[in-house]
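First the structure, in the form of structure tokens, and then the observations on it.
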Amino acid sequence: MLKKWTNRKEGETNGSLDLDPRNIPNHVAIIMDGNGRWAKKRGLPRIAGHREGMNVIKKIVKKSNQLGIRTLTLYAFSTENWKRPKPEVDFLMRLPERFLKSELPKLTEENVQVRITGSKEALPTHTINAVEKAIEDTKNNDGLILNFALNYGSRHEMIEAMKQVYKEIDRGRLAVDEIDEKTVSSHLMTGDLSDPDLLIRTSGEIRLSNFMLWQLAYSEFWFTETLWPDFTENHFNEAIQVYQKRIRRYGGV
Ligand code: FPP
């Protein structure tokens, strides 16, 4: 069933020689799904899937940088993920720290800029400290933007944007008739980031799960049944190949 989204057997491509370097997506966003199922299939606790998922991130960041992708947004924790059992949430909240502890020197060296999209308030202090250090240490890097969507939910983001816009109107800084797409975009948590050109979701689920509802308006979507911990550079390459074959019309003809 998923074959209609792709042109060849999943993961079959090799390297990136077959990609058109002039048509690399500027911004790729990924819903990294299937960690729990990956672990269950192996008789392991769910957290083992998240740990493996973190290792996949390392490979995809490297590949994104090599390909010249400007922004990679990874949906790491949604505003709805707090509903999970506490030990799983606690583990997920330790992952940014773990990841950055081992990867920050390399990211700095490779000119990667780390960012977070989401609400920091509800995050534990240890998570905030780790991500703030990474943001600070890499803020002058102008290579790949590695953007973690952490405690992110698109509806919450839109509500917050509406409140901000309303406050500006209330203070006389903005007139209602002046509100346009730019006004809304600039008040979203993604701020100055361009909209994703390509959205990838793993694990066979075909839904957005409250992810970047505004920003994905004209993005190309690529779904795979591969579970995130099994996702490889070849799958990533394949997604970009499929993207390069799409004709983007933005509502035109
Ligand atoms: C969804 O799979 C995955 C998540 C909610 C967490 C994703 C997190 C990572 C891949 C690691 C994050 C690492 C850093 C550095 C921030 P699921 O658990 O819903 O899988 P399931 O649908 O099979 O249960």
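Letters A, B, ... go to the chains of the structure tokens in the order shown; residues in each chain start at 1; ligands are counted from 1 in the same order.
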Considering only strand (DSSP E) as DSSP defines it on the backbone, what residues of stretch 114-199 of chain A qualify? List them as a count of residues only. 14
Counting only C-alpha atoms and all ligand atoms, name the residues that have an atom within 7 Å of an atom of ligand 1; the answer should be given as a list in words. Met32, Asp33, Gly34, Asn35, Gly36, Arg37, Trp38, Arg46, His50, Arg51, Gly53, Met54, Tyr75, Ala76, Phe77, Ser78, Asn81, Leu92, Leu95, Pro96, Phe99, Phe148 and Trp228 of chain A
Residue list (alpha helix (DSSP H), DSSP) for stretch 57-245 of chain A, as a PyMOL selection string: chain A and resi 57-67+86-109+125-138+154-170+181-187+233-245
Show me, as a compact mmCIF listing (two decimals) with N, CA, C and O atoms, in the first residue's frame, the residues that have an atom within 12 Å of stretch 149-152 of chain A when counting only C-alpha atoms, minus same-chain residues fewer than 5 positions from it.
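Okay, this is what ended up in out10.txt:
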```txt
# COMPACT_ATOMS: atom_id res chain seq x y z
N ALA A 29 11.80 17.61 7.72
CA ALA A 29 11.25 17.38 9.05
C ALA A 29 10.92 15.89 9.17
O ALA A 29 10.43 15.29 8.20
N ILE A 30 11.19 15.33 10.33
CA ILE A 30 10.95 13.88 10.49
C ILE A 30 10.14 13.58 11.75
O ILE A 30 10.47 14.05 12.84
N ILE A 31 9.08 12.79 11.55
CA ILE A 31 8.34 12.23 12.69
C ILE A 31 8.94 10.84 12.91
O ILE A 31 8.70 9.91 12.11
N MET A 32 9.74 10.73 13.96
CA MET A 32 10.52 9.50 14.18
C MET A 32 9.65 8.52 14.98
O MET A 32 9.65 8.53 16.19
N LEU A 72 17.21 20.47 9.65
CA LEU A 72 16.64 19.15 9.92
C LEU A 72 15.86 19.28 11.22
O LEU A 72 16.44 19.56 12.28
N THR A 73 14.53 19.12 11.13
CA THR A 73 13.70 19.19 12.34
C THR A 73 13.28 17.78 12.72
O THR A 73 12.74 17.04 11.89
N LEU A 74 13.51 17.42 13.97
CA LEU A 74 13.18 16.07 14.45
C LEU A 74 12.15 16.17 15.57
O LEU A 74 12.38 16.86 16.57
N TYR A 75 11.04 15.48 15.37
CA TYR A 75 9.96 15.50 16.38
C TYR A 75 10.36 14.54 17.49
O TYR A 75 10.18 13.32 17.38
N ALA A 76 10.91 15.07 18.56
CA ALA A 76 11.48 14.23 19.62
C ALA A 76 10.52 13.99 20.77
O ALA A 76 10.60 12.96 21.45
N PHE A 77 9.61 14.96 21.03
CA PHE A 77 8.68 14.79 22.16
C PHE A 77 7.52 15.76 21.94
O PHE A 77 7.72 16.97 21.80
N SER A 78 6.31 15.21 21.91
CA SER A 78 5.15 16.06 21.65
C SER A 78 4.50 16.50 22.96
O SER A 78 4.74 15.90 24.01
N THR A 79 3.64 17.51 22.86
CA THR A 79 2.92 17.97 24.06
C THR A 79 2.00 16.86 24.58
O THR A 79 1.55 16.91 25.72
N GLU A 80 1.70 15.86 23.72
CA GLU A 80 0.84 14.75 24.14
C GLU A 80 1.65 13.60 24.76
O GLU A 80 1.09 12.72 25.40
N ASN A 81 2.97 13.60 24.53
CA ASN A 81 3.78 12.48 25.03
C ASN A 81 3.90 12.44 26.55
O ASN A 81 4.34 11.44 27.12
N TRP A 82 3.48 13.51 27.24
CA TRP A 82 3.48 13.50 28.71
C TRP A 82 2.53 12.43 29.25
O TRP A 82 2.61 12.05 30.41
N LYS A 83 1.59 11.97 28.38
CA LYS A 83 0.62 10.96 28.83
C LYS A 83 1.26 9.58 28.99
O LYS A 83 0.62 8.64 29.45
N VAL A 89 8.72 8.70 30.13
CA VAL A 89 8.90 10.15 29.96
C VAL A 89 10.26 10.56 30.54
O VAL A 89 11.02 11.31 29.90
N LEU A 92 12.94 9.61 28.17
CA LEU A 92 12.96 10.48 26.97
C LEU A 92 13.57 11.85 27.31
O LEU A 92 14.26 12.45 26.49
N MET A 93 13.30 12.32 28.53
CA MET A 93 13.82 13.62 28.94
C MET A 93 15.33 13.60 29.18
O MET A 93 15.97 14.63 29.26
N LEU A 95 17.30 11.86 27.12
CA LEU A 95 17.96 11.61 25.83
C LEU A 95 18.67 12.83 25.22
O LEU A 95 19.77 12.68 24.71
N PRO A 96 18.06 14.03 25.27
CA PRO A 96 18.78 15.17 24.71
C PRO A 96 20.15 15.34 25.37
O PRO A 96 21.17 15.56 24.71
N VAL A 114 22.45 24.00 16.89
CA VAL A 114 21.36 23.29 17.56
C VAL A 114 20.27 24.28 17.96
O VAL A 114 20.55 25.38 18.45
N ARG A 115 19.04 23.89 17.71
CA ARG A 115 17.90 24.72 18.13
C ARG A 115 16.81 23.84 18.73
O ARG A 115 16.78 22.63 18.48
N ILE A 116 15.90 24.47 19.44
CA ILE A 116 14.75 23.76 20.00
C ILE A 116 13.49 24.50 19.58
O ILE A 116 13.43 25.73 19.63
N THR A 117 12.50 23.73 19.15
CA THR A 117 11.18 24.30 18.90
C THR A 117 10.23 23.62 19.87
O THR A 117 10.11 22.38 19.87
N GLY A 118 9.59 24.40 20.73
CA GLY A 118 8.68 23.82 21.72
C GLY A 118 8.71 24.66 22.99
O GLY A 118 9.42 25.65 23.06
N SER A 119 7.94 24.22 23.98
CA SER A 119 7.89 24.98 25.24
C SER A 119 8.91 24.43 26.22
O SER A 119 8.83 23.26 26.59
N LYS A 120 9.80 25.28 26.63
CA LYS A 120 10.84 24.83 27.57
C LYS A 120 10.29 24.68 28.99
O LYS A 120 10.77 23.85 29.76
N GLU A 121 9.27 25.48 29.30
CA GLU A 121 8.80 25.58 30.70
C GLU A 121 8.59 24.23 31.40
O GLU A 121 9.05 24.03 32.51
N ALA A 122 7.91 23.31 30.73
CA ALA A 122 7.55 22.05 31.41
C ALA A 122 8.71 21.06 31.46
O ALA A 122 8.62 20.00 32.10
N LEU A 123 9.81 21.37 30.80
CA LEU A 123 10.91 20.41 30.74
C LEU A 123 11.68 20.39 32.07
O LEU A 123 11.80 21.43 32.73
N PRO A 124 12.23 19.22 32.45
CA PRO A 124 13.05 19.19 33.67
C PRO A 124 14.29 20.07 33.50
O PRO A 124 14.78 20.25 32.38
N THR A 127 17.21 18.81 31.47
CA THR A 127 17.02 18.83 30.01
C THR A 127 17.25 20.25 29.49
O THR A 127 17.96 20.46 28.50
N ILE A 128 16.64 21.22 30.18
CA ILE A 128 16.80 22.61 29.75
C ILE A 128 18.28 23.01 29.76
O ILE A 128 18.78 23.58 28.79
N VAL A 131 20.12 21.48 26.73
CA VAL A 131 19.81 22.06 25.41
C VAL A 131 20.25 23.52 25.35
O VAL A 131 20.75 23.98 24.31
N GLU A 157 1.15 25.73 19.84
CA GLU A 157 1.96 26.77 19.20
C GLU A 157 1.06 27.85 18.58
O GLU A 157 1.33 29.05 18.70
N MET A 158 -0.02 27.40 17.93
CA MET A 158 -0.92 28.37 17.27
C MET A 158 -1.66 29.22 18.31
O MET A 158 -1.85 30.42 18.10
N GLU A 160 -0.55 30.03 21.24
CA GLU A 160 0.42 31.00 21.77
C GLU A 160 0.64 32.13 20.77
O GLU A 160 0.76 33.30 21.14
N LEU A 188 5.05 31.97 15.20
CA LEU A 188 5.12 30.55 15.55
C LEU A 188 6.48 30.24 16.16
O LEU A 188 7.42 31.04 16.04
N MET A 189 6.57 29.08 16.82
CA MET A 189 7.83 28.76 17.51
C MET A 189 8.98 28.52 16.54
O MET A 189 10.14 28.56 16.93
N THR A 190 8.65 28.23 15.29
CA THR A 190 9.69 28.00 14.29
C THR A 190 10.33 29.31 13.83
O THR A 190 11.36 29.29 13.16
N SER A 209 -0.11 13.96 13.67
CA SER A 209 0.07 13.98 15.12
C SER A 209 0.45 15.36 15.68
O SER A 209 1.42 15.48 16.43
N ASN A 210 -0.31 16.36 15.25
CA ASN A 210 -0.13 17.71 15.83
C ASN A 210 1.26 18.30 15.56
O ASN A 210 1.81 19.02 16.37
N PHE A 211 1.82 17.95 14.40
CA PHE A 211 3.17 18.40 14.06
C PHE A 211 3.13 19.45 12.95
O PHE A 211 2.68 19.17 11.84
N MET A 212 3.54 20.64 13.21
CA MET A 212 3.77 21.70 12.23
C MET A 212 2.61 21.87 11.23
O MET A 212 2.83 21.90 10.02
N LEU A 213 1.40 21.96 11.75
CA LEU A 213 0.22 21.99 10.89
C LEU A 213 0.24 23.17 9.93
O LEU A 213 -0.19 23.06 8.78
```
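You can rank A:Ser64, A:Asn140, A:Thr224, A:Thr125 by their closest distance to A:Val242 using only C-alpha atoms, and at the top of that list sits A:Thr224.
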Do you have the atom CA of A:Gln241-atom CA of A:Gln66 distance handy? 15.3 Å
What lies within 8 Å of A:Phe223 using only C-alpha atoms, ignoring chain neighbours under 2 positions off, as a VMD selection string? chain A and resid 2 5 200 to 206 221 225
For stretch 182-187 of chain A, list every protein, DNA or RNA residue within 10 Å, evaluated using only C-alpha atoms, and leave out those in the same chain fewer than 6 positions away; present the list as a ChimeraX atom specification. /A:157-158,160-165,174,193-195,214-215
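Close contacts of A:Leu104, defined as residues with an atom at most 9 Å away when counting only C-alpha atoms, with chain neighbours fewer than 6 positions off set aside, comprise Ala134, Asp137 and Thr138 of chain A.
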If you count only C-alpha atoms, which residues fall within 8 Å of A:Arg70, apart from same-chain ones fewer than 2 positions away, as a ChimeraX atom specification? /A:26-27,65,68,72,143-145
Saved selection, atoms kept: C-alpha atoms, as a PDB file, in the first residue's frame:
```pdb
ATOM      1  CA  ASN A  26      16.205  23.033   2.198  1.00  0.00           C
ATOM      2  CA  HIS A  27      14.319  21.826   5.278  1.00  0.00           C
ATOM      3  CA  ASN A  65      25.113  17.812   6.687  1.00  0.00           C
ATOM      4  CA  GLY A  68      23.817  20.287   2.283  1.00  0.00           C
ATOM      5  CA  LEU A  72      16.644  19.153   9.924  1.00  0.00           C
ATOM      6  CA  GLY A 143      25.954  24.969   8.797  1.00  0.00           C
ATOM      7  CA  LEU A 144      23.039  22.580   9.261  1.00  0.00           C
ATOM      8  CA  ILE A 145      20.376  23.738  11.723  1.00  0.00           C
TER       9      ILE A 145
END
```
